[in-house]
Amino acid sequence: MYGGYKVGWDFRGPNWSDWLDELTALLRYISEFCCWTRSFAKAREAGGGGGGSGGGGGGGVIDVVAKFGAKADEKTDLSKPLLDAWKEACASTSPAKIVIPKGTYFLSTATLDGPCKAPIELQVEGTMKAPADPGAFKEPKWIAFNRIENFKLSGGGVFDGQGTTAYKREGCDKHNFCGSLPINLRFDFLTNAMIQGITTKDSKQFHVNVLGCKNITFEHFTVSAPGESPNTDGIHIGRSDGVNVLNTEIKTGDDCVSIGDGSKNLVINGVTCGPGHGISIGSLGLFKNEEPVDGVIVKNCTLTNTSNGVRIKSWPGAEPGTCSNIHFEDITVTNVSSPIIIDQKYCPWNKCKINEESKVKLSNISFKNIHGTSALPEAVKIICSATLPCENVELADIEITHNGLTGPAVSQCSNVKPKVSGKQNPAACSAPVPANPTPTS
């Protein structure tokens, strides 16, 4: 093991792709380790090892307990010590690290703003707990990182949103907080960021929201929430370029990973998902001026007991958009209700123009080497727009079985002529599409 990277190459095997993936991961780790080591060594040489001053020199390591009096008593608000430490670290012209030691802390809310003058790391070793009362939040966020370049969040710590009360949705008719529940972690307009070895649990809404970011990686990241928790997407990505979600475990009540408009050059690799609603692109086409989704690779993922597997969804009627160059490959599904799905009639709660066609154009989409078991007969559903049929869709090496009382697995297609290769079980596009397809969640 090298920093969490498993290295066990077998030069005898033919799978050079896996070998190259492991080599790339190791080289990335070595590069990252050396970079941060050199940075902090320079900071110590400059005399910043004990924490910097607000005057812009400093750097080094800043302990929120030792220097700013933070208390791990689950009562004293961590907000001011954290913001004071951030202010000092962000002003430093040398790389700085903020450490939150082991222990359990109460944190009301915090927004950590950039730009900062040098690379900055927040090393969370303890557990931070949010207010349990949803009404305690004035904005739909708990902790936000905003406009930072060269940022790292690490340490093996836990961000506990204490969302149990919010899941019940009690009192929504008397309070306005239900429509703006806080997201555990917001990453807004970050460039060159690494989120590594962190857990987010029981968020009241999305666990993570990524907006306007460039080159941000989530690695060995964990999301944990009950399967019945509403609207608790694991990682939601929007209008970002170069997002990587690697070797991550997500258990939640909504999409494990959801990809919104304006997302491009995304890699989702080595994600285990379940419970949850699967790995989804969309929903698209609901709002005006949505930006294209272009270039998404979902690979080496495992989905278990989820309501969907890998999915693209867009609203009927509504607004135009495009989604292209999407590739799902090497996916294992176990007891998944809809393992492979394109749904351009996505209409939750019947709040749509169901008799109209989607205006989102889908093209260059592939599903390759997807295997396992389906909880329902409809293992493959590719329901495209009649006015903008899907173009260049590929199905290759599909092996999905269903052993329920309702019969074997089936494959349904509408307004699409996919390219088919390799084994196809169920036979591609062999079953009729019902007049009213079963809605997906």
# chains A, B, ... in the order shown; residues from 1 in each chain; ligands from 1
call {"tool": "residues_around", "arguments": {"residues": "range 131-134 of chain A", "least_positions_apart": "6", "cutoff": "7 Å", "atoms": "only C-alpha atoms", "output": "ChimeraX atom specification"}}
result
/A:108,162-163,165-166,177,181
call {"tool": "atom_distance", "arguments": {"atom1": "CA of Arg311 in chain A", "atom2": "CA of Thr406 in chain A"}}
result
23.0 Å
call {"tool": "residues_around", "arguments": {"residues": "Ile281 in chain A", "least_positions_apart": "3", "cutoff": "7 Å", "atoms": "only C-alpha atoms", "output": "PyMOL selection string"}}
result
chain A and resi 258-260+311-313
call {"tool": "closest_residue", "arguments": {"among": "A:Lys299, A:Lys138, A:His371, A:Lys361", "to": "Thr334 in chain A", "atoms": "only C-alpha atoms"}}
result
A:His371
call {"tool": "residues_around", "arguments": {"residues": "range 364-367 of chain A", "least_positions_apart": "6", "cutoff": "7 Å", "atoms": "only C-alpha atoms", "output": "MDAnalysis selection string"}}
result
chainID A and resid 324:329 391:396
call {"tool": "atom_distance", "arguments": {"atom1": "CA of Ala85 in chain A", "atom2": "CA of Asn184 in chain A"}}
result
20.4 Å
call {"tool": "closest_residue", "arguments": {"among": "A:Ser79, A:Thr109, A:Ser307, A:Thr127", "to": "Lys141 in chain A", "atoms": "only C-alpha atoms"}}
result
A:Thr109
call {"tool": "closest_atom_pairs", "arguments": {"of": "range 385-411 of chain A", "to": "range 344-354 of chain A", "cutoff": "10 Å", "atoms": "only C-alpha atoms", "output": "JSON lines"}}
result
{"residue": "A:Ser385", "atom": "CA", "partner": "A:Gln344", "partner_atom": "CA", "distance": 6.0}
{"residue": "A:Ala386", "atom": "CA", "partner": "A:Gln344", "partner_atom": "CA", "distance": 9.5}
{"residue": "A:Pro389", "atom": "CA", "partner": "A:Gln344", "partner_atom": "CA", "distance": 10.0}
{"residue": "A:Cys390", "atom": "CA", "partner": "A:Gln344", "partner_atom": "CA", "distance": 9.8}
call {"tool": "write_last_selection", "arguments": {"atoms": "C-alpha atoms", "output": "PDB file, in the first residue's frame"}}
result
ATOM      1  CA  SER A 385     -37.032  11.637 -27.679  1.00  0.00           C
ATOM      2  CA  ALA A 386     -39.203  11.178 -30.760  1.00  0.00           C
ATOM      3  CA  PRO A 389     -33.773  10.621 -31.436  1.00  0.00           C
ATOM      4  CA  CYS A 390     -30.615   9.434 -29.694  1.00  0.00           C
TER       5      CYS A 390
END
call {"tool": "select_by_dssp", "arguments": {"residues": "range 126-266 of chain A", "states": "helix (DSSP H, G or I)", "output": "ChimeraX atom specification"}}
result
/A:134-136,164-167,177-180
call {"tool": "write_last_selection", "arguments": {"atoms": "all heavy atoms", "output": "PDB file, in the first residue's frame"}}
result
ATOM      1  N   PRO A 134     -33.008  21.758  11.625  1.00  0.00           N
ATOM      2  CA  PRO A 134     -32.910  22.347  10.281  1.00  0.00           C
ATOM      3  C   PRO A 134     -33.191  23.845  10.285  1.00  0.00           C
ATOM      4  O   PRO A 134     -32.685  24.576   9.431  1.00  0.00           O
ATOM      5  CB  PRO A 134     -33.967  21.593   9.477  1.00  0.00           C
ATOM      6  CG  PRO A 134     -34.215  20.332  10.231  1.00  0.00           C
ATOM      7  CD  PRO A 134     -34.017  20.683  11.676  1.00  0.00           C
ATOM      8  N   GLY A 135     -33.977  24.297  11.235  1.00  0.00           N
ATOM      9  CA  GLY A 135     -34.308  25.711  11.309  1.00  0.00           C
ATOM     10  C   GLY A 135     -33.162  26.591  11.746  1.00  0.00           C
ATOM     11  O   GLY A 135     -33.271  27.827  11.715  1.00  0.00           O
ATOM     12  N   ALA A 136     -32.030  25.999  12.125  1.00  0.00           N
ATOM     13  CA  ALA A 136     -30.882  26.786  12.582  1.00  0.00           C
ATOM     14  C   ALA A 136     -30.115  27.412  11.422  1.00  0.00           C
ATOM     15  O   ALA A 136     -29.227  28.246  11.649  1.00  0.00           O
ATOM     16  CB  ALA A 136     -29.946  25.898  13.396  1.00  0.00           C
ATOM     17  N   THR A 164     -31.216  13.484  10.618  1.00  0.00           N
ATOM     18  CA  THR A 164     -32.357  12.613  10.923  1.00  0.00           C
ATOM     19  C   THR A 164     -33.665  13.380  11.055  1.00  0.00           C
ATOM     20  O   THR A 164     -34.715  12.964  10.551  1.00  0.00           O
ATOM     21  CB  THR A 164     -32.079  11.821  12.214  1.00  0.00           C
ATOM     22  OG1 THR A 164     -30.850  11.111  12.061  1.00  0.00           O
ATOM     23  CG2 THR A 164     -33.205  10.833  12.480  1.00  0.00           C
ATOM     24  N   THR A 165     -33.621  14.524  11.728  1.00  0.00           N
ATOM     25  CA  THR A 165     -34.838  15.328  11.906  1.00  0.00           C
ATOM     26  C   THR A 165     -35.362  15.818  10.562  1.00  0.00           C
ATOM     27  O   THR A 165     -36.575  15.808  10.301  1.00  0.00           O
ATOM     28  CB  THR A 165     -34.555  16.527  12.825  1.00  0.00           C
ATOM     29  OG1 THR A 165     -34.110  16.053  14.095  1.00  0.00           O
ATOM     30  CG2 THR A 165     -35.807  17.364  13.025  1.00  0.00           C
ATOM     31  N   ALA A 166     -34.459  16.247   9.702  1.00  0.00           N
ATOM     32  CA  ALA A 166     -34.867  16.776   8.395  1.00  0.00           C
ATOM     33  C   ALA A 166     -35.499  15.700   7.529  1.00  0.00           C
ATOM     34  O   ALA A 166     -36.394  15.989   6.723  1.00  0.00           O
ATOM     35  CB  ALA A 166     -33.669  17.388   7.683  1.00  0.00           C
ATOM     36  N   TYR A 167     -35.066  14.443   7.662  1.00  0.00           N
ATOM     37  CA  TYR A 167     -35.603  13.377   6.823  1.00  0.00           C
ATOM     38  C   TYR A 167     -37.094  13.169   7.054  1.00  0.00           C
ATOM     39  O   TYR A 167     -37.809  12.737   6.157  1.00  0.00           O
ATOM     40  CB  TYR A 167     -34.865  12.065   7.081  1.00  0.00           C
ATOM     41  CG  TYR A 167     -33.369  12.113   6.858  1.00  0.00           C
ATOM     42  CD1 TYR A 167     -32.518  11.221   7.503  1.00  0.00           C
ATOM     43  CD2 TYR A 167     -32.810  13.054   6.001  1.00  0.00           C
ATOM     44  CE1 TYR A 167     -31.141  11.271   7.294  1.00  0.00           C
ATOM     45  CE2 TYR A 167     -31.448  13.114   5.795  1.00  0.00           C
ATOM     46  CZ  TYR A 167     -30.612  12.216   6.442  1.00  0.00           C
ATOM     47  OH  TYR A 167     -29.254  12.261   6.254  1.00  0.00           O
ATOM     48  N   PHE A 177     -37.902  26.153   5.932  1.00  0.00           N
ATOM     49  CA  PHE A 177     -36.569  25.563   5.805  1.00  0.00           C
ATOM     50  C   PHE A 177     -36.557  24.311   4.936  1.00  0.00           C
ATOM     51  O   PHE A 177     -35.510  23.898   4.447  1.00  0.00           O
ATOM     52  CB  PHE A 177     -35.961  25.264   7.176  1.00  0.00           C
ATOM     53  CG  PHE A 177     -36.725  24.265   8.017  1.00  0.00           C
ATOM     54  CD1 PHE A 177     -36.709  22.918   7.715  1.00  0.00           C
ATOM     55  CD2 PHE A 177     -37.446  24.676   9.120  1.00  0.00           C
ATOM     56  CE1 PHE A 177     -37.396  21.997   8.481  1.00  0.00           C
ATOM     57  CE2 PHE A 177     -38.132  23.761   9.905  1.00  0.00           C
ATOM     58  CZ  PHE A 177     -38.099  22.422   9.585  1.00  0.00           C
ATOM     59  N   CYS A 178     -37.688  23.683   4.710  1.00  0.00           N
ATOM     60  CA  CYS A 178     -37.687  22.416   3.978  1.00  0.00           C
ATOM     61  C   CYS A 178     -37.259  22.595   2.527  1.00  0.00           C
ATOM     62  O   CYS A 178     -36.705  21.683   1.924  1.00  0.00           O
ATOM     63  CB  CYS A 178     -39.065  21.770   4.047  1.00  0.00           C
ATOM     64  SG  CYS A 178     -39.509  21.234   5.723  1.00  0.00           S
ATOM     65  N   GLY A 179     -37.499  23.756   1.969  1.00  0.00           N
ATOM     66  CA  GLY A 179     -37.100  23.997   0.593  1.00  0.00           C
ATOM     67  C   GLY A 179     -35.667  24.446   0.450  1.00  0.00           C
ATOM     68  O   GLY A 179     -35.161  24.559  -0.658  1.00  0.00           O
ATOM     69  N   SER A 180     -34.996  24.718   1.553  1.00  0.00           N
ATOM     70  CA  SER A 180     -33.616  25.206   1.480  1.00  0.00           C
ATOM     71  C   SER A 180     -32.767  24.574   2.579  1.00  0.00           C
ATOM     72  O   SER A 180     -32.066  25.259   3.314  1.00  0.00           O
ATOM     73  CB  SER A 180     -33.589  26.737   1.610  1.00  0.00           C
ATOM     74  OG  SER A 180     -34.197  27.149   2.830  1.00  0.00           O
TER      75      SER A 180
END
call {"tool": "residues_around", "arguments": {"residues": "Cys213 in chain A", "least_positions_apart": "4", "cutoff": "10 Å", "atoms": "only C-alpha atoms", "output": "list in words"}}
result
Asn146, Arg147, Ile148, Glu149, Phe187, Asp188, Phe189, Leu190, Thr191, Asn192, Ala193, Ile237, Gly238, Arg239, Ser240, Asp241, Gly242, Val243 and Ser263 of chain A
call {"tool": "write_last_selection", "arguments": {"atoms": "N, CA and C atoms", "output": "PDB file, in the first residue's frame"}}
result
ATOM      1  N   ASN A 146     -14.913  28.356  -1.041  1.00  0.00           N
ATOM      2  CA  ASN A 146     -15.289  29.260  -2.117  1.00  0.00           C
ATOM      3  C   ASN A 146     -14.069  29.954  -2.732  1.00  0.00           C
ATOM      4  N   ARG A 147     -13.904  29.806  -4.036  1.00  0.00           N
ATOM      5  CA  ARG A 147     -12.903  30.528  -4.821  1.00  0.00           C
ATOM      6  C   ARG A 147     -11.490  30.350  -4.266  1.00  0.00           C
ATOM      7  N   ILE A 148     -11.079  29.092  -4.177  1.00  0.00           N
ATOM      8  CA  ILE A 148      -9.758  28.751  -3.664  1.00  0.00           C
ATOM      9  C   ILE A 148      -8.994  28.000  -4.758  1.00  0.00           C
ATOM     10  N   GLU A 149      -7.696  28.269  -4.851  1.00  0.00           N
ATOM     11  CA  GLU A 149      -6.829  27.571  -5.788  1.00  0.00           C
ATOM     12  C   GLU A 149      -5.775  26.791  -5.008  1.00  0.00           C
ATOM     13  N   PHE A 187     -18.419  23.017  -2.639  1.00  0.00           N
ATOM     14  CA  PHE A 187     -17.152  23.401  -3.246  1.00  0.00           C
ATOM     15  C   PHE A 187     -17.496  24.274  -4.451  1.00  0.00           C
ATOM     16  N   ASP A 188     -17.302  25.577  -4.308  1.00  0.00           N
ATOM     17  CA  ASP A 188     -17.706  26.534  -5.333  1.00  0.00           C
ATOM     18  C   ASP A 188     -16.487  27.233  -5.922  1.00  0.00           C
ATOM     19  N   PHE A 189     -16.292  27.073  -7.234  1.00  0.00           N
ATOM     20  CA  PHE A 189     -15.261  27.802  -7.980  1.00  0.00           C
ATOM     21  C   PHE A 189     -13.854  27.527  -7.430  1.00  0.00           C
ATOM     22  N   LEU A 190     -13.564  26.248  -7.214  1.00  0.00           N
ATOM     23  CA  LEU A 190     -12.228  25.830  -6.811  1.00  0.00           C
ATOM     24  C   LEU A 190     -11.428  25.406  -8.047  1.00  0.00           C
ATOM     25  N   THR A 191     -10.128  25.634  -7.988  1.00  0.00           N
ATOM     26  CA  THR A 191      -9.231  25.206  -9.057  1.00  0.00           C
ATOM     27  C   THR A 191      -8.085  24.403  -8.449  1.00  0.00           C
ATOM     28  N   ASN A 192      -7.867  23.215  -8.977  1.00  0.00           N
ATOM     29  CA  ASN A 192      -6.800  22.329  -8.486  1.00  0.00           C
ATOM     30  C   ASN A 192      -7.021  21.980  -7.008  1.00  0.00           C
ATOM     31  N   ALA A 193      -7.950  21.093  -6.778  1.00  0.00           N
ATOM     32  CA  ALA A 193      -8.303  20.708  -5.416  1.00  0.00           C
ATOM     33  C   ALA A 193      -8.308  19.195  -5.269  1.00  0.00           C
ATOM     34  N   ILE A 237     -22.576  17.342  -9.244  1.00  0.00           N
ATOM     35  CA  ILE A 237     -21.595  18.107 -10.010  1.00  0.00           C
ATOM     36  C   ILE A 237     -22.325  18.956 -11.045  1.00  0.00           C
ATOM     37  N   GLY A 238     -21.979  20.220 -11.111  1.00  0.00           N
ATOM     38  CA  GLY A 238     -22.579  21.095 -12.101  1.00  0.00           C
ATOM     39  C   GLY A 238     -21.601  22.144 -12.598  1.00  0.00           C
ATOM     40  N   ARG A 239     -21.636  22.404 -13.899  1.00  0.00           N
ATOM     41  CA  ARG A 239     -20.854  23.474 -14.540  1.00  0.00           C
ATOM     42  C   ARG A 239     -19.380  23.436 -14.128  1.00  0.00           C
ATOM     43  N   SER A 240     -18.823  22.239 -14.125  1.00  0.00           N
ATOM     44  CA  SER A 240     -17.439  22.044 -13.715  1.00  0.00           C
ATOM     45  C   SER A 240     -16.677  21.254 -14.780  1.00  0.00           C
ATOM     46  N   ASP A 241     -15.366  21.459 -14.816  1.00  0.00           N
ATOM     47  CA  ASP A 241     -14.504  20.852 -15.823  1.00  0.00           C
ATOM     48  C   ASP A 241     -13.379  20.084 -15.129  1.00  0.00           C
ATOM     49  N   GLY A 242     -13.289  18.786 -15.413  1.00  0.00           N
ATOM     50  CA  GLY A 242     -12.198  18.015 -14.850  1.00  0.00           C
ATOM     51  C   GLY A 242     -12.433  17.549 -13.430  1.00  0.00           C
ATOM     52  N   VAL A 243     -13.590  16.951 -13.183  1.00  0.00           N
ATOM     53  CA  VAL A 243     -13.893  16.403 -11.859  1.00  0.00           C
ATOM     54  C   VAL A 243     -13.641  14.895 -11.885  1.00  0.00           C
ATOM     55  N   SER A 263     -21.374  20.185 -17.131  1.00  0.00           N
ATOM     56  CA  SER A 263     -20.295  19.320 -16.660  1.00  0.00           C
ATOM     57  C   SER A 263     -19.538  18.746 -17.856  1.00  0.00           C
TER      58      SER A 263
END
